Amino acid sequence: MLSTRGLSADVPGGTLTVAPGFAEAYRPLKVEGLDVAGERLDISVDADGTAHIEAPKGLVVRRQHTTPR
């Protein structure tokens, strides 16, 4: 399992967990064109912490709600 603050990937399990609870100073944030098994993944987080995710078919994306810092 690959994990970094706010993003955890279980590649064999086909699951991505997104927890956009990072500092408000970084919002809004948009990350586009991440390569996941040859497919495109786009994630954006609005100023209020709302996450928007466009993921490849077959990838399960879980949104984990966190307390804003």
# chains A, B, ... in the order shown; residues from 1 in each chain; ligands from 1
$ residues_around --residues "Val36 (chain A)" --least-positions-apart "5" --cutoff "9 Å" --atoms "only C-alpha atoms" --output "PyMOL selection string"
chain A and resi 11+41+55-56+59
$ write_last_selection --atoms "N, CA, C and O atoms" --output "CSV table (one decimal), in the first residue's frame"
chain,number,residue,atom,x,y,z
A,11,VAL,N,-3.0,-0.6,-4.6
A,11,VAL,CA,-3.0,-0.9,-6.1
A,11,VAL,C,-3.5,-2.3,-6.3
A,11,VAL,O,-4.4,-2.5,-7.1
A,41,LEU,N,-6.2,10.0,-13.7
A,41,LEU,CA,-6.9,10.3,-12.5
A,41,LEU,C,-6.8,11.8,-12.2
A,41,LEU,O,-5.7,12.4,-12.3
A,55,ALA,N,-12.0,9.3,-11.8
A,55,ALA,CA,-11.1,8.1,-11.7
A,55,ALA,C,-11.4,7.2,-12.8
A,55,ALA,O,-12.5,7.1,-13.3
A,56,PRO,N,-10.4,6.3,-13.2
A,56,PRO,CA,-10.7,5.3,-14.2
A,56,PRO,C,-11.7,4.3,-13.7
A,56,PRO,O,-11.9,4.1,-12.5
A,59,LEU,N,-11.6,1.5,-10.6
A,59,LEU,CA,-10.9,2.0,-9.4
A,59,LEU,C,-11.9,2.5,-8.4
A,59,LEU,O,-12.8,3.3,-8.7
$ atom_distance --atom1 "CA of Val18 (chain A)" --atom2 "CA of Arg62 (chain A)"
6.2 Å
$ residues_around --residues "Lys30 (chain A)" --least-positions-apart "2" --cutoff "8 Å" --atoms "only C-alpha atoms" --output "PyMOL selection string"
chain A and resi 28+32+42-45
$ atom_distance --atom1 "CA of Gly33 (chain A)" --atom2 "CA of Asp48 (chain A)"
22.7 Å
$ residues_around --residues "Leu16 (chain A)" --least-positions-apart "6" --cutoff "7 Å" --atoms "only C-alpha atoms" --output "JSON, numbers by chain"
{"A": [8, 9, 10, 60, 61, 62]}
$ write_last_selection --atoms "N, CA and C atoms" --output "compact mmCIF listing (two decimals), in the first residue's frame"
# COMPACT_ATOMS: atom_id res chain seq x y z
N SER A 8 -4.05 7.58 -0.09
CA SER A 8 -3.55 6.22 0.12
C SER A 8 -4.01 5.36 -1.03
N ALA A 9 -3.10 4.58 -1.60
CA ALA A 9 -3.43 3.72 -2.73
C ALA A 9 -3.15 2.27 -2.40
N ASP A 10 -4.15 1.42 -2.60
CA ASP A 10 -4.01 -0.02 -2.50
C ASP A 10 -4.12 -0.53 -3.93
N VAL A 60 -11.90 1.88 -7.23
CA VAL A 60 -12.80 2.29 -6.16
C VAL A 60 -12.15 3.46 -5.44
N VAL A 61 -12.86 4.57 -5.35
CA VAL A 61 -12.35 5.75 -4.67
C VAL A 61 -13.19 5.98 -3.43
N ARG A 62 -12.51 6.05 -2.30
CA ARG A 62 -13.18 6.32 -1.03
C ARG A 62 -12.79 7.71 -0.57
$ closest_residue --among "A:Ala37, A:Ala19, A:Gly14, A:Leu7" --to "Arg63 (chain A)" --atoms "only C-alpha atoms"
A:Ala19
$ closest_residue --among "A:Gly6, A:Leu29, A:Glu39, A:Leu34" --to "His52 (chain A)" --atoms "only C-alpha atoms"
A:Leu29
